[in-house]
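*Asks:* To be precise about what I am sending: the file is called data26.txt and holds compact mmCIF, C-alpha atoms and all ligand atoms.
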# COMPACT_ATOMS: atom_id res chain seq x y z
CA MET A 1483 133.78 73.60 98.24
CA ARG A 1484 133.03 77.07 96.92
CA TYR A 1485 129.55 77.84 95.65
CA LEU A 1486 128.37 80.76 93.57
CA ILE A 1487 124.92 81.48 95.05
CA ILE A 1488 122.57 83.34 92.73
CA SER A 1489 118.88 84.27 92.66
CA ASP A 1490 116.22 86.23 90.78
CA LEU A 1491 117.94 86.49 87.39
CA HIS A 1492 114.64 87.49 85.75
CA GLY A 1493 115.75 87.18 82.13
CA ASN A 1494 118.55 89.73 82.49
CA TYR A 1495 121.44 88.16 80.57
CA GLU A 1496 123.76 91.19 80.67
CA ALA A 1497 123.61 91.19 84.47
CA LEU A 1498 124.34 87.46 84.58
CA GLU A 1499 127.35 87.88 82.30
CA ALA A 1500 128.69 90.64 84.54
CA VAL A 1501 128.31 88.43 87.62
CA LEU A 1502 130.11 85.52 85.96
CA GLU A 1503 132.93 87.81 84.92
CA ASP A 1504 133.11 89.56 88.29
CA SER A 1505 133.26 86.26 90.19
CA GLY A 1506 136.16 85.21 87.99
CA GLY A 1507 135.45 81.49 88.23
CA ARG A 1508 136.35 81.45 91.94
CA TYR A 1509 133.81 78.71 92.69
CA ASP A 1510 133.25 75.00 92.08
CA GLN A 1511 129.47 74.92 91.61
CA ILE A 1512 126.58 77.32 90.98
CA VAL A 1513 123.38 77.12 93.02
CA CYS A 1514 120.24 79.13 92.18
CA CYS A 1515 117.37 80.14 94.51
CA GLY A 1516 114.85 80.56 91.66
CA ASP A 1517 113.22 83.10 89.35
CA LEU A 1518 115.28 82.62 86.23
CA VAL A 1519 112.67 84.33 84.05
CA GLY A 1520 109.95 86.99 84.16
CA TYR A 1521 110.47 90.77 83.69
CA GLY A 1522 113.61 90.63 81.52
CA PRO A 1523 114.08 90.35 77.74
CA ASP A 1524 116.26 87.18 77.57
CA PRO A 1525 114.39 84.28 79.18
CA ASN A 1526 115.58 81.71 76.62
CA ARG A 1527 119.25 82.65 76.89
CA ILE A 1528 119.06 82.45 80.66
CA VAL A 1529 117.34 79.04 80.60
CA GLU A 1530 119.81 77.67 78.03
CA TRP A 1531 122.65 78.80 80.28
CA ALA A 1532 120.96 77.40 83.41
CA LYS A 1533 120.44 73.96 81.84
CA VAL A 1534 124.17 73.37 81.45
CA SER A 1535 125.59 75.49 84.27
CA LEU A 1536 123.63 74.98 87.47
CA PHE A 1537 124.53 72.37 90.07
CA ALA A 1538 121.23 72.88 91.93
CA VAL A 1539 118.18 75.02 91.17
CA ILE A 1540 114.63 75.43 92.42
CA ARG A 1541 111.71 77.26 90.86
CA GLY A 1542 110.56 80.75 91.82
CA ASN A 1543 107.06 82.19 91.58
CA HIS A 1544 107.83 83.85 88.23
CA ASP A 1545 109.19 80.59 86.80
CA ARG A 1546 105.89 79.01 87.80
CA ALA A 1547 103.82 81.85 86.34
CA CYS A 1548 105.70 81.92 83.03
CA CYS A 1549 105.10 78.24 82.33
CA GLY A 1550 101.41 78.20 83.22
CA LEU A 1551 101.67 76.70 86.71
CA GLU A 1552 100.32 79.81 88.42
CA ASP A 1553 97.27 81.99 88.14
CA LEU A 1554 98.45 85.43 86.97
CA GLU A 1555 95.72 87.17 88.99
CA TRP A 1556 98.14 87.28 91.96
CA PHE A 1557 100.53 89.51 90.00
CA ASN A 1558 100.40 93.26 89.50
CA PRO A 1559 99.58 94.43 85.94
CA VAL A 1560 103.23 94.98 84.95
CA ALA A 1561 104.26 91.53 86.19
CA GLN A 1562 101.25 90.03 84.41
CA ASP A 1563 102.25 91.67 81.10
CA ALA A 1564 105.82 90.50 81.51
CA SER A 1565 104.71 86.94 82.34
CA ARG A 1566 102.49 86.77 79.26
CA TRP A 1567 105.33 88.15 77.11
CA THR A 1568 107.72 85.54 78.55
CA MET A 1569 105.20 82.74 78.03
CA ARG A 1570 104.86 83.72 74.35
CA HIS A 1571 108.61 83.87 73.80
CA LEU A 1572 109.85 80.78 75.66
CA THR A 1573 110.67 77.87 73.38
CA ARG A 1574 108.67 74.70 74.01
CA GLU A 1575 111.78 72.94 75.40
CA ASN A 1576 112.55 75.78 77.79
CA HIS A 1577 108.91 76.00 78.87
CA GLU A 1578 108.96 72.25 79.69
CA TRP A 1579 112.29 72.54 81.51
CA LEU A 1580 110.90 75.33 83.72
CA ARG A 1581 107.75 73.32 84.45
CA ALA A 1582 109.89 70.46 85.73
CA LEU A 1583 111.92 72.54 88.20
CA PRO A 1584 111.54 71.36 91.81
CA SER A 1585 109.93 73.60 94.42
CA GLY A 1586 112.07 74.64 97.37
CA PRO A 1587 113.30 74.06 99.92
CA ILE A 1588 115.94 71.55 98.87
CA GLN A 1589 119.04 70.36 100.70
CA VAL A 1590 122.38 70.81 98.93
CA ASN A 1591 125.50 69.35 100.59
CA GLY A 1592 124.50 70.41 104.09
CA PHE A 1593 122.74 73.70 103.40
CA THR A 1594 119.19 74.65 102.44
CA VAL A 1595 118.04 76.45 99.30
CA ALA A 1596 114.63 78.15 99.23
CA HIS A 1597 112.93 80.78 97.05
CA GLY A 1598 110.75 82.67 99.55
CA SER A 1599 110.92 81.04 102.96
CA PRO A 1600 111.59 77.36 103.69
CA LEU A 1601 107.96 77.16 104.87
CA ASP A 1602 106.36 78.74 101.82
CA GLU A 1603 108.04 79.37 98.48
CA ASP A 1604 105.94 82.55 97.99
CA GLU A 1605 106.56 84.13 101.41
CA TYR A 1606 108.64 87.33 101.52
CA VAL A 1607 111.27 87.30 104.27
CA ALA A 1608 112.16 90.98 104.14
CA SER A 1609 112.34 92.10 107.78
CA LEU A 1610 113.53 90.83 111.15
CA ASP A 1611 109.90 90.24 112.08
CA ASP A 1612 109.41 88.08 108.99
CA ALA A 1613 112.58 86.15 109.81
CA ALA A 1614 111.56 85.65 113.46
CA ASN A 1615 108.64 83.52 112.29
CA VAL A 1616 110.90 81.32 110.20
CA PHE A 1617 114.04 80.67 112.29
CA ASP A 1618 112.42 77.99 114.47
CA TYR A 1619 111.56 75.92 111.43
CA LEU A 1620 114.90 75.98 109.63
CA ASN A 1621 116.60 72.74 108.75
CA GLY A 1622 120.31 73.24 109.48
CA ALA A 1623 122.49 76.26 110.15
CA ILE A 1624 122.59 77.83 106.70
CA THR A 1625 119.68 78.65 104.39
CA PHE A 1626 120.03 80.62 101.17
CA PHE A 1627 116.89 82.28 99.86
CA GLY A 1628 115.73 84.91 97.37
CA HIS A 1629 112.37 86.38 96.29
CA THR A 1630 112.69 89.79 98.01
CA HIS A 1631 115.55 90.99 95.74
CA LEU A 1632 117.20 92.43 98.89
CA GLN A 1633 120.78 91.33 99.46
CA GLY A 1634 121.68 90.43 103.03
CA GLY A 1635 119.52 88.34 105.31
CA PHE A 1636 119.41 87.49 108.99
CA VAL A 1637 121.35 85.68 111.70
CA GLN A 1638 120.12 84.21 114.97
CA THR A 1639 122.72 83.70 117.66
CA HIS A 1640 122.07 82.92 121.35
CA GLY A 1641 118.41 83.85 120.93
CA ARG A 1642 119.22 87.24 119.39
CA ARG A 1643 118.35 88.07 115.80
CA VAL A 1644 120.11 90.64 113.66
CA ALA A 1645 119.93 91.72 110.03
CA LEU A 1646 123.07 91.16 107.97
CA VAL A 1647 124.59 94.15 106.20
CA ARG A 1648 125.33 94.25 102.49
CA PRO A 1649 128.22 95.99 100.69
CA ARG A 1650 127.99 99.78 100.60
CA ARG A 1651 127.57 101.48 97.22
CA ASP A 1652 131.32 102.17 97.08
CA GLU A 1653 132.31 98.60 98.03
CA PRO A 1654 132.45 95.67 95.59
CA SER A 1655 131.91 93.03 98.28
CA LEU A 1656 131.58 92.29 101.97
CA ARG A 1657 132.83 89.14 103.70
CA LEU A 1658 130.97 87.41 106.53
CA ARG A 1659 132.67 84.84 108.72
CA LEU A 1660 130.02 82.36 109.82
CA ASP A 1661 129.80 81.65 113.53
CA SER A 1662 129.39 77.90 114.12
CA GLU A 1663 126.90 78.59 116.95
CA ALA A 1664 124.62 80.76 114.83
CA VAL A 1665 121.82 80.08 112.33
CA TYR A 1666 121.79 82.03 109.07
CA MET A 1667 119.26 83.00 106.44
CA ILE A 1668 121.28 84.57 103.64
CA ASN A 1669 119.92 86.30 100.57
CA PRO A 1670 122.48 86.66 97.75
CA GLY A 1671 120.32 89.46 96.30
CA SER A 1672 118.93 89.66 92.78
CA ILE A 1673 121.00 89.44 89.62
CA GLY A 1674 118.36 90.73 87.24
CA GLN A 1675 116.34 93.29 89.20
CA PRO A 1676 117.89 94.47 92.50
CA ARG A 1677 115.47 96.32 94.81
CA ASP A 1678 117.83 97.47 97.55
CA ALA A 1679 118.53 100.87 95.97
CA ASP A 1680 121.77 99.59 94.41
CA PRO A 1681 121.47 98.95 90.65
CA ARG A 1682 124.50 96.62 90.57
CA ALA A 1683 123.78 92.91 90.05
CA ALA A 1684 123.97 91.02 93.36
CA TYR A 1685 125.33 87.56 94.18
CA ALA A 1686 127.16 85.65 96.90
CA VAL A 1687 130.07 83.23 97.17
CA PHE A 1688 129.86 80.59 99.92
CA ASP A 1689 133.03 78.80 100.97
CA SER A 1690 131.78 75.81 102.97
CA GLU A 1691 135.22 74.79 104.34
CA ALA A 1692 136.29 78.27 105.42
CA ARG A 1693 132.69 78.96 106.57
CA GLU A 1694 132.62 82.31 104.84
CA VAL A 1695 130.02 84.05 102.71
CA THR A 1696 131.00 87.00 100.54
CA LEU A 1697 128.18 89.26 99.38
CA CYS A 1698 129.18 90.82 96.05
CA ARG A 1699 127.94 93.43 93.57
CA ALA A 1700 128.81 93.65 89.88
CA VAL A 1701 128.32 96.71 87.68
CA TYR A 1702 126.61 95.94 84.37
CA ASP A 1703 125.19 97.85 81.43
CA TRP A 1704 121.60 98.35 82.63
CA GLN A 1705 121.05 100.93 79.87
CA ALA A 1706 121.51 98.22 77.25
CA VAL A 1707 118.97 96.05 79.08
CA ARG A 1708 116.54 98.96 79.34
CA ARG A 1709 116.76 99.45 75.56
CA LYS A 1710 116.17 95.74 74.98
CA ILE A 1711 113.12 95.81 77.28
CA GLU A 1712 111.65 98.71 75.31
CA GLU A 1713 112.45 97.17 71.92
CA ALA A 1714 110.90 93.87 73.01
CA GLY A 1715 107.59 95.56 73.87
CA LEU A 1716 107.87 94.75 77.57
CA PRO A 1717 106.51 97.41 79.99
CA PRO A 1718 109.04 100.32 79.96
CA ALA A 1719 108.76 100.62 83.76
CA LEU A 1720 110.74 97.40 83.99
CA GLY A 1721 113.69 99.09 82.31
CA GLN A 1722 113.41 102.30 84.29
CA ARG A 1723 113.54 100.53 87.65
CA LEU A 1724 116.88 98.90 86.76
CA ALA A 1725 118.53 102.32 86.89
CA LEU A 1726 117.27 102.89 90.43
CA GLY A 1727 117.68 99.41 91.81
CA ARG A 1728 114.04 99.48 92.86
ZN ZN B 1801 112.12 87.42 91.82
Represent the supplied structure as structure tokens.
Ligand code: ZN

*Replies:*
Amino acid sequence: MRYLIISDLHGNYEALEAVLEDSGGRYDQIVCCGDLVGYGPDPNRIVEWAKVSLFAVIRGNHDRACCGLEDLEWFNPVAQDASRWTMRHLTRENHEWLRALPSGPIQVNGFTVAHGSPLDEDEYVASLDDAANVFDYLNGAITFFGHTHLQGGFVQTHGRRVALVRPRRDEPSLRLRLDSEAVYMINPGSIGQPRDADPRAAYAVFDSEAREVTLCRAVYDWQAVRRKIEEAGLPPALGQRLALGR
């Protein structure tokens, strides 16, 4: 089975469209590690798409915040503004659908899907030190997670832990062959707001039979999204950061 693994769409429909086109339908199912909404100008379009397209999905912290399940005090002022904007613009049906999303981690056909870490959906696993605290508690050899918006992740093999590399700026993708002895935490990266200094939308394709994960990047029209963010009255900083991938 081939899975399109996606995360952190954050209401960015243009980036999602680019990922779907770039992946060319070379997958059987789509699995999402959370944060469909928050920050971006198209939360309803993203949720409408998610309802009919996703094989498995969990909630992220922004999904929770934008449907009233989270106290906004934990967010910085820009994220608070964007959450309130999203809350006002979500249709009642989409609001209810987001509220009903399960929290991670969940098991999907032999692998784990989490938003932050499998121990805590809000925990950022951004460094090898962060990952070291999590590896002992993983359920199974492969966990996909999001939340940090940093494509890549970590592998533990024979007691040694290493960070996985992502495609360079001049590469469209990078293939990883999974070692059957190793344990992986893999972050497909963020579709809607990458923060690894690469503005291209990030995703992964997991081939469970071949035991391969391909980390991919898709160019999209971030200028169009920046304009939409400004026209919608969302904080302009949210559009500016798309250009930088920060
Ligand atoms: Zn996110």

*Asks:* Distance limit 12 Å, reference ligand ZN 1801 (chain B), atoms considered: only C-alpha atoms and all ligand atoms. Which residues make the cut? Give them as an MDAnalysis selection string.

*Replies:* chainID A and resid 1488:1494 1514:1522 1541:1547 1557 1561 1597:1598 1603:1606 1627:1632 1669:1677

*Asks:* Can those selected residues be exported to a file as a short mmCIF file (atom, residue, chain, number, x, y, z; two decimals), in the coordinates of the input so that it contains C-alpha atoms?

*Replies:*
data_model
loop_
_atom_site.label_atom_id
_atom_site.label_comp_id
_atom_site.auth_asym_id
_atom_site.auth_seq_id
_atom_site.Cartn_x
_atom_site.Cartn_y
_atom_site.Cartn_z
CA ILE A 1488 122.57 83.34 92.73
CA SER A 1489 118.88 84.27 92.66
CA ASP A 1490 116.22 86.23 90.78
CA LEU A 1491 117.94 86.49 87.39
CA HIS A 1492 114.64 87.49 85.75
CA GLY A 1493 115.75 87.18 82.13
CA ASN A 1494 118.55 89.73 82.49
CA CYS A 1514 120.24 79.13 92.18
CA CYS A 1515 117.37 80.14 94.51
CA GLY A 1516 114.85 80.56 91.66
CA ASP A 1517 113.22 83.10 89.35
CA LEU A 1518 115.28 82.62 86.23
CA VAL A 1519 112.67 84.33 84.05
CA GLY A 1520 109.95 86.99 84.16
CA TYR A 1521 110.47 90.77 83.69
CA GLY A 1522 113.61 90.63 81.52
CA ARG A 1541 111.71 77.26 90.86
CA GLY A 1542 110.56 80.75 91.82
CA ASN A 1543 107.06 82.19 91.58
CA HIS A 1544 107.83 83.85 88.23
CA ASP A 1545 109.19 80.59 86.80
CA ARG A 1546 105.89 79.01 87.80
CA ALA A 1547 103.82 81.85 86.34
CA PHE A 1557 100.53 89.51 90.00
CA ALA A 1561 104.26 91.53 86.19
CA HIS A 1597 112.93 80.78 97.05
CA GLY A 1598 110.75 82.67 99.55
CA GLU A 1603 108.04 79.37 98.48
CA ASP A 1604 105.94 82.55 97.99
CA GLU A 1605 106.56 84.13 101.41
CA TYR A 1606 108.64 87.33 101.52
CA PHE A 1627 116.89 82.28 99.86
CA GLY A 1628 115.73 84.91 97.37
CA HIS A 1629 112.37 86.38 96.29
CA THR A 1630 112.69 89.79 98.01
CA HIS A 1631 115.55 90.99 95.74
CA LEU A 1632 117.20 92.43 98.89
CA ASN A 1669 119.92 86.30 100.57
CA PRO A 1670 122.48 86.66 97.75
CA GLY A 1671 120.32 89.46 96.30
CA SER A 1672 118.93 89.66 92.78
CA ILE A 1673 121.00 89.44 89.62
CA GLY A 1674 118.36 90.73 87.24
CA GLN A 1675 116.34 93.29 89.20
CA PRO A 1676 117.89 94.47 92.50
CA ARG A 1677 115.47 96.32 94.81
#

*Asks:* For Pro1649 of chain A, please output as a PyMOL selection string all residues within 10 Å (counting only C-alpha atoms; exclusion window: fewer than 4 positions along the same chain).

*Replies:* chain A and resi 1633-1634+1653-1657+1680+1684+1696-1699

*Asks:* Write a file of the just-selected residues containing C-alpha atoms, as a CSV table (one decimal), keeping the file's coordinate frame.

*Replies:*
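Contents of the output file part_28.csv:
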chain,number,residue,atom,x,y,z
A,1633,GLN,CA,120.8,91.3,99.5
A,1634,GLY,CA,121.7,90.4,103.0
A,1653,GLU,CA,132.3,98.6,98.0
A,1654,PRO,CA,132.4,95.7,95.6
A,1655,SER,CA,131.9,93.0,98.3
A,1656,LEU,CA,131.6,92.3,102.0
A,1657,ARG,CA,132.8,89.1,103.7
A,1680,ASP,CA,121.8,99.6,94.4
A,1684,ALA,CA,124.0,91.0,93.4
A,1696,THR,CA,131.0,87.0,100.5
A,1697,LEU,CA,128.2,89.3,99.4
A,1698,CYS,CA,129.2,90.8,96.0
A,1699,ARG,CA,127.9,93.4,93.6

*Asks:* Calculated over all atoms listed in the file, which of the candidates A:Pro1584, A:Gly1550, A:Pro1600, A:Pro1718 has the smallest distance to Asp1618 of chain A?

*Replies:*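 Under the stated criterion, the closest residue is A:Pro1600.
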
*Asks:* Can you pull out the residues contacting Gln1705 of chain A? Cut-off 10 Å, using all atoms listed in the file, and skip same-chain residues under 6 positions away; I want them as a list in words.

*Replies:*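 Answer for this query is Ile1711, Gly1721, Gln1722, Leu1724 and Ala1725 of chain A.
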
*Asks:* What does the distance from atom CA of Ile1487 of chain A to atom CA of Cys1549 of chain A come to in Å, to one decimal?

*Replies:* 23.8 Å

*Asks:* Hey, which of A:Arg1527, A:Ala1679, A:Asn1591, A:Glu1578 ends up closest to Glu1691 of chain A? Count all atoms listed in the file.

*Replies:* A:Asn1591

*Asks:* What does the distance from atom CA of Ala1623 of chain A to atom CA of Arg1508 of chain A come to in Å, to one decimal?

*Replies:*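 Going from atom CA of Ala1623 of chain A over to atom CA of Arg1508 of chain A covers 23.5 Å.
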
*Asks:* When distances are computed from all atoms listed in the file, which of A:Thr1625, A:Ser1535, A:Gln1562, A:Gln1638 shows the smallest separation from Val1590 of chain A?

*Replies:*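 Closest residue, counting all atoms listed in the file: A:Thr1625.
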
*Asks:* Hey, which of A:Phe1688, A:Glu1496, A:Lys1533, A:Met1667 ends up closest to Arg1709 of chain A? Count all atoms listed in the file.

*Replies:*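 Among the listed residues, the smallest separation from Arg1709 of chain A belongs to A:Glu1496.
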
*Asks:* Grab the atom CA of Leu1551 of chain A to atom CA of Leu1601 of chain A distance for me, in Å with one decimal place.

*Replies:*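 Computed distance, atom CA of Leu1551 of chain A to atom CA of Leu1601 of chain A, equals 19.2 Å.
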
*Asks:* Could I get segment 1649-1660 of chain A rebuilt with all heavy atoms, written as a short mmCIF file (atom, residue, chain, number, x, y, z; two decimals), in the frame of the given file?

*Replies:*
data_model
loop_
_atom_site.label_atom_id
_atom_site.label_comp_id
_atom_site.auth_asym_id
_atom_site.auth_seq_id
_atom_site.Cartn_x
_atom_site.Cartn_y
_atom_site.Cartn_z
N PRO A 1649 127.16 95.04 101.05
CA PRO A 1649 128.22 95.99 100.69
C PRO A 1649 127.64 97.38 100.47
O PRO A 1649 126.54 97.53 99.94
CB PRO A 1649 128.79 95.43 99.38
CG PRO A 1649 128.28 94.04 99.26
CD PRO A 1649 127.06 93.92 100.10
N ARG A 1650 128.40 98.41 100.90
CA ARG A 1650 127.99 99.78 100.60
C ARG A 1650 128.12 100.03 99.11
O ARG A 1650 128.79 99.29 98.39
CB ARG A 1650 128.89 100.77 101.35
CG ARG A 1650 128.72 100.78 102.87
CD ARG A 1650 129.42 102.03 103.43
NE ARG A 1650 130.72 102.25 102.78
CZ ARG A 1650 131.90 102.03 103.36
NH1 ARG A 1650 131.97 101.63 104.61
NH2 ARG A 1650 133.02 102.24 102.69
N ARG A 1651 127.54 101.15 98.65
CA ARG A 1651 127.57 101.48 97.22
C ARG A 1651 128.99 101.63 96.67
O ARG A 1651 129.23 101.46 95.48
CB ARG A 1651 126.76 102.76 96.95
CG ARG A 1651 125.26 102.58 97.03
CD ARG A 1651 124.73 101.73 95.89
NE ARG A 1651 124.93 102.36 94.59
CZ ARG A 1651 124.08 103.21 94.04
NH1 ARG A 1651 122.99 103.54 94.65
NH2 ARG A 1651 124.34 103.72 92.85
N ASP A 1652 129.94 101.99 97.55
CA ASP A 1652 131.32 102.17 97.08
C ASP A 1652 132.18 100.92 97.35
O ASP A 1652 133.39 100.97 97.20
CB ASP A 1652 131.94 103.41 97.73
CG ASP A 1652 131.93 103.35 99.24
OD1 ASP A 1652 131.25 102.46 99.81
OD2 ASP A 1652 132.62 104.18 99.88
N GLU A 1653 131.56 99.83 97.76
CA GLU A 1653 132.31 98.60 98.03
C GLU A 1653 131.88 97.51 97.04
O GLU A 1653 130.68 97.34 96.80
CB GLU A 1653 131.97 98.06 99.42
CG GLU A 1653 132.52 98.86 100.56
CD GLU A 1653 132.04 98.31 101.92
OE1 GLU A 1653 130.93 97.72 101.98
OE2 GLU A 1653 132.74 98.49 102.90
N PRO A 1654 132.83 96.74 96.50
CA PRO A 1654 132.45 95.67 95.59
C PRO A 1654 131.92 94.44 96.32
O PRO A 1654 131.16 93.65 95.76
CB PRO A 1654 133.75 95.34 94.85
CG PRO A 1654 134.84 95.78 95.77
CD PRO A 1654 134.29 96.91 96.60
N SER A 1655 132.32 94.25 97.58
CA SER A 1655 131.91 93.03 98.28
C SER A 1655 132.07 93.22 99.79
O SER A 1655 132.69 94.18 100.25
CB SER A 1655 132.76 91.85 97.82
OG SER A 1655 134.12 92.06 98.16
N LEU A 1656 131.51 92.26 100.51
CA LEU A 1656 131.58 92.29 101.97
C LEU A 1656 131.64 90.84 102.45
O LEU A 1656 130.78 90.03 102.09
CB LEU A 1656 130.32 92.97 102.52
CG LEU A 1656 130.26 93.15 104.02
CD1 LEU A 1656 131.27 94.19 104.49
CD2 LEU A 1656 128.86 93.59 104.42
N ARG A 1657 132.65 90.53 103.26
CA ARG A 1657 132.83 89.14 103.70
C ARG A 1657 132.26 88.91 105.08
O ARG A 1657 132.46 89.72 105.99
CB ARG A 1657 134.31 88.78 103.69
CG ARG A 1657 134.54 87.31 103.95
CD ARG A 1657 136.00 86.97 104.00
NE ARG A 1657 136.66 87.26 102.73
CZ ARG A 1657 137.97 87.17 102.55
NH1 ARG A 1657 138.76 86.81 103.54
NH2 ARG A 1657 138.49 87.44 101.38
N LEU A 1658 131.53 87.79 105.23
CA LEU A 1658 130.97 87.41 106.53
C LEU A 1658 131.64 86.13 106.97
O LEU A 1658 131.65 85.15 106.22
CB LEU A 1658 129.49 87.04 106.37
CG LEU A 1658 128.44 88.03 106.00
CD1 LEU A 1658 127.19 87.29 105.58
CD2 LEU A 1658 128.15 88.85 107.24
N ARG A 1659 132.17 86.11 108.17
CA ARG A 1659 132.67 84.84 108.72
C ARG A 1659 131.52 84.21 109.50
O ARG A 1659 130.97 84.84 110.40
CB ARG A 1659 133.85 85.09 109.65
CG ARG A 1659 135.10 85.38 108.89
CD ARG A 1659 136.29 85.52 109.82
NE ARG A 1659 137.39 86.15 109.12
CZ ARG A 1659 138.14 85.55 108.21
NH1 ARG A 1659 137.92 84.28 107.89
NH2 ARG A 1659 139.11 86.19 107.60
N LEU A 1660 131.18 82.98 109.18
CA LEU A 1660 130.02 82.36 109.82
C LEU A 1660 130.41 81.78 111.17
O LEU A 1660 131.38 81.04 111.29
CB LEU A 1660 129.44 81.27 108.92
CG LEU A 1660 129.04 81.69 107.50
CD1 LEU A 1660 128.35 80.54 106.78
CD2 LEU A 1660 128.14 82.92 107.51
#
